[in-house]
Structures are given as structure tokens and as C-alpha cells.
file input_7.tsv (TSV, C-alpha atoms)
chain	number	residue	atom	x	y	z
A	213	MET	CA	144.20	159.11	109.21
A	214	LYS	CA	142.04	156.54	110.89
A	215	THR	CA	139.18	155.04	109.01
A	216	ALA	CA	136.08	154.32	110.99
A	217	ARG	CA	134.49	150.95	110.48
A	218	LYS	CA	130.92	151.10	109.42
A	219	ARG	CA	128.48	148.64	110.89
A	220	LEU	CA	126.01	146.85	108.74
A	221	LYS	CA	122.45	147.85	109.26
A	222	PRO	CA	120.30	145.13	110.81
A	223	LEU	CA	117.87	143.38	108.51
A	224	LEU	CA	114.29	144.57	108.65
A	225	PRO	CA	111.84	141.97	110.02
A	226	SER	CA	109.94	142.02	106.74
A	227	LEU	CA	113.10	140.92	104.89
A	228	LYS	CA	114.01	138.08	107.23
A	229	GLU	CA	113.24	134.53	106.21
A	230	LYS	CA	110.27	133.09	108.07
A	231	LYS	CA	110.96	129.71	109.60
A	232	ARG	CA	109.17	126.66	110.90
A	233	TYR	CA	110.39	123.93	113.20
A	234	LEU	CA	109.41	120.48	111.98
A	235	ALA	CA	109.42	117.65	114.51
A	236	PHE	CA	110.20	114.19	113.19
A	237	GLU	CA	110.31	110.63	114.47
A	238	ILE	CA	112.34	107.70	113.18
A	239	VAL	CA	110.60	104.33	113.03
A	240	SER	CA	113.04	101.42	112.84
A	241	GLU	CA	113.62	97.99	114.32
A	242	SER	CA	116.68	99.02	116.32
A	243	LYS	CA	117.64	102.33	117.95
A	244	ILE	CA	119.64	104.84	115.91
A	245	LYS	CA	121.96	106.64	118.28
A	246	GLU	CA	124.12	108.71	115.95
A	247	PHE	CA	122.58	111.96	114.75
A	248	SER	CA	125.20	112.18	112.01
A	249	GLU	CA	123.66	109.13	110.32
A	250	VAL	CA	120.18	110.63	110.58
A	251	SER	CA	121.49	113.91	109.20
A	252	ARG	CA	123.20	112.16	106.29
A	253	ALA	CA	120.01	110.29	105.39
A	254	ILE	CA	117.91	113.47	105.44
A	255	TRP	CA	120.44	115.45	103.37
A	256	ASN	CA	120.80	112.66	100.80
A	257	SER	CA	117.03	112.37	100.44
A	258	SER	CA	116.63	116.13	100.10
A	259	LEU	CA	119.41	116.49	97.55
A	260	SER	CA	118.18	113.60	95.41
A	261	PHE	CA	114.58	114.84	95.46
A	262	TYR	CA	115.05	118.62	95.09
A	263	GLY	CA	118.64	119.09	93.94
A	264	THR	CA	121.21	121.56	95.16
A	265	LYS	CA	119.30	124.70	94.20
A	266	GLY	CA	116.05	123.47	95.70
A	267	VAL	CA	117.69	122.52	98.98
A	268	ALA	CA	119.41	125.91	99.12
A	269	THR	CA	116.07	127.71	98.87
A	270	MET	CA	114.56	125.47	101.57
A	271	GLY	CA	116.91	126.83	104.24
A	272	ILE	CA	117.31	123.52	106.05
A	273	GLN	CA	119.03	123.49	109.42
A	274	LEU	CA	119.22	120.21	111.28
A	275	LEU	CA	119.38	120.71	115.05
A	276	PRO	CA	121.66	118.02	116.58
A	277	GLU	CA	121.21	119.32	120.13
A	278	LYS	CA	117.46	118.68	119.89
A	279	TYR	CA	117.79	115.04	118.81
A	280	GLN	CA	116.60	112.51	121.40
A	281	ALA	CA	118.34	109.20	120.71
A	282	THR	CA	116.21	107.28	123.21
A	283	ARG	CA	112.91	108.30	121.63
A	284	GLN	CA	114.37	108.82	118.13
A	285	ARG	CA	112.83	112.26	117.76
A	286	GLY	CA	114.29	115.57	116.64
A	287	LEU	CA	113.72	118.99	115.12
A	288	ILE	CA	114.53	120.53	111.75
A	289	ARG	CA	114.39	124.25	110.98
A	290	VAL	CA	113.06	125.00	107.50
A	291	SER	CA	111.64	127.93	105.53
A	292	HIS	CA	107.89	128.40	105.90
A	293	LYS	CA	107.45	128.11	102.13
A	294	SER	CA	109.26	124.77	102.02
A	295	LEU	CA	107.54	122.97	104.88
A	296	ASP	CA	105.59	120.59	102.64
A	297	ALA	CA	108.69	119.92	100.54
A	298	MET	CA	110.62	118.97	103.68
A	299	ARG	CA	107.85	116.60	104.73
A	300	ALA	CA	108.09	114.96	101.30
A	301	CYS	CA	111.87	114.59	101.66
A	302	LEU	CA	111.45	112.94	105.06
A	303	ALA	CA	108.89	110.53	103.64
A	304	LEU	CA	111.38	109.41	100.97
A	305	VAL	CA	114.00	108.23	103.47
A	306	THR	CA	114.15	104.42	103.39
A	307	GLN	CA	117.39	103.63	105.23
A	308	VAL	CA	119.35	105.04	108.16
A	309	GLU	CA	122.67	103.43	109.17
A	310	ASN	CA	122.16	100.81	106.42
A	311	GLN	CA	119.03	99.46	108.09
A	312	PRO	CA	115.43	99.89	106.98
A	313	ALA	CA	113.80	102.92	108.60
A	314	ILE	CA	111.23	105.58	107.88
A	315	ILE	CA	111.11	109.14	109.11
A	316	ARG	CA	107.68	110.57	109.77
A	317	SER	CA	106.85	114.15	110.56
A	318	ILE	CA	105.00	114.69	113.81
A	319	GLY	CA	104.13	118.36	113.52
A	320	ALA	CA	105.36	121.88	112.85
A	321	SER	CA	105.53	125.11	114.81
A	322	GLY	CA	106.84	128.62	114.30
A	323	ILE	CA	108.43	128.79	117.76
A	324	ILE	CA	111.13	126.36	118.89
A	325	ALA	CA	109.92	126.28	122.50
A	326	LYS	CA	106.42	125.31	121.42
A	327	ALA	CA	107.74	122.65	119.06
A	328	GLU	CA	109.86	121.13	121.84
A	329	LYS	CA	107.05	121.18	124.37
A	330	LYS	CA	104.36	119.89	122.05
A	331	TYR	CA	106.24	117.27	120.04
A	332	LEU	CA	109.39	116.21	121.86
A	333	GLU	CA	108.22	115.98	125.48
A	334	VAL	CA	104.97	114.13	124.88
call {"tool": "encode", "arguments": {"input": "input_7.tsv", "output": "C-alpha cells"}}
result
Amino acid sequence: MKTARKRLKPLLPSLKEKKRYLAFEIVSESKIKEFSEVSRAIWNSSLSFYGTKGVATMGIQLLPEKYQATRQRGLIRVSHKSLDAMRACLALVTQVENQPAIIRSIGASGIIAKAEKKYLEV
């Protein structure tokens, strides 16, 4: 006898997590080219400020393909309920690549295309 595989039902839109795309800019004396260093600084700041459980509920996704090394700007995907918390975490970053730097949020949008157009291409 063959057993038929059952497909999972798709998630209803009302049950999906709502997201926001937060644009950020790094202000430092020298250019920071490696996104991995930026990512590490953001994760360390978030984990020290909110802890593991808090960060898990924030739904953070750093988008390395949207990082512009020349302008030092990028996008982060975060839960709509945790947008202010993410801004606070970015404000607490003091160093990137062992050099003094701050990360400031530029703006937020619910659509990635609008966030790119409005905040990254300006």
C-alpha cells in the first residue's frame, strides 16, 4: 500500500507575522565594507539589550544583499510590534569593526520596494 503525502495547509493571512523594513545608516570615520561586521554588531547589541527570548520575538532578519558598502546603508526586516525596540538596539551600537561608529535609523516601511526606493536610493 502506498501512503499519500499530505500537504500542509497554507497559513491564513491573519495568522502571518506582520513585518516592517527598517532602513539604517552607519556613521563612522572610515568606511565599513564587511556586512558580517555590521551584522555582528547589531546582533550583539540586540542580544545584550533584549536577551535571547526578546530577540526571538522580534523576528529580526538582516538583509545582506541590501547593504550598500559605499553609502553604508542597509535594511533590516523586523516584526511590526518590535520596530521601536529595534530602533533602540541600533542606537545602542557603539563600535563596528573595533572602531567607533553609530547606527541611526532612517525610516521604516511595510513594503521592501518602497523602503529601497525611499531610503536607499536617495
call {"tool": "closest_residue", "arguments": {"input": "input_7.tsv", "among": "A:Leu274, A:Leu259, A:Leu227, A:Ala303", "to": "A:Ile315", "atoms": "only C-alpha atoms"}}
result
A:Ala303
call {"tool": "closest_residue", "arguments": {"input": "input_7.tsv", "among": "A:Leu332, A:Ile238, A:Lys265, A:Arg232", "to": "A:Lys278", "atoms": "all atoms listed in the file"}}
result
A:Leu332
call {"tool": "residues_around", "arguments": {"input": "input_7.tsv", "residues": "A:Pro276", "least_positions_apart": "2", "cutoff": "9 Å", "atoms": "only C-alpha atoms", "output": "list in words"}}
result
Phe247, Ser248, Ser251, Leu274, Lys278, Tyr279, Gln280, Gly286, Leu287 and Ile288 of chain A
call {"tool": "closest_residue", "arguments": {"input": "input_7.tsv", "among": "A:His292, A:Lys245, A:Lys228, A:Arg285", "to": "A:Ile318", "atoms": "only C-alpha atoms"}}
result
A:Arg285
call {"tool": "closest_residue", "arguments": {"input": "input_7.tsv", "among": "A:Ile314, A:Val308, A:Ile323, A:Cys301", "to": "A:Ser260", "atoms": "all atoms listed in the file"}}
result
A:Cys301
call {"tool": "residues_around", "arguments": {"input": "input_7.tsv", "residues": "A:Arg289", "least_positions_apart": "4", "cutoff": "12 Å", "atoms": "all atoms listed in the file", "output": "PyMOL selection string"}}
result
chain A and resi 229-236+270-276+278+293-295+298-299+320-324+327
call {"tool": "atom_distance", "arguments": {"input": "input_7.tsv", "atom1": "atom CA of A:Leu224", "atom2": "atom CA of A:Gly319"}}
result
28.5 Å
call {"tool": "atom_distance", "arguments": {"input": "input_7.tsv", "atom1": "atom CA of A:Ala253", "atom2": "atom CA of A:Glu277"}}
result
17.3 Å
call {"tool": "closest_residue", "arguments": {"input": "input_7.tsv", "among": "A:Ala268, A:Ala281, A:Ile244, A:Val239", "to": "A:Ser317", "atoms": "all atoms listed in the file"}}
result
A:Val239
call {"tool": "atom_distance", "arguments": {"input": "input_7.tsv", "atom1": "atom CA of A:Glu249", "atom2": "atom CA of A:Arg316"}}
result
16.1 Å
call {"tool": "closest_residue", "arguments": {"input": "input_7.tsv", "among": "A:Asn256, A:Ser226, A:Thr264, A:Ser242", "to": "A:Gln284", "atoms": "only C-alpha atoms"}}
result
A:Ser242
call {"tool": "residues_around", "arguments": {"input": "input_7.tsv", "residues": "A:Ser240", "least_positions_apart": "6", "cutoff": "8 Å", "atoms": "all atoms listed in the file", "output": "list in words"}}
result
Gln311, Pro312, Ala313 and Ile314 of chain A
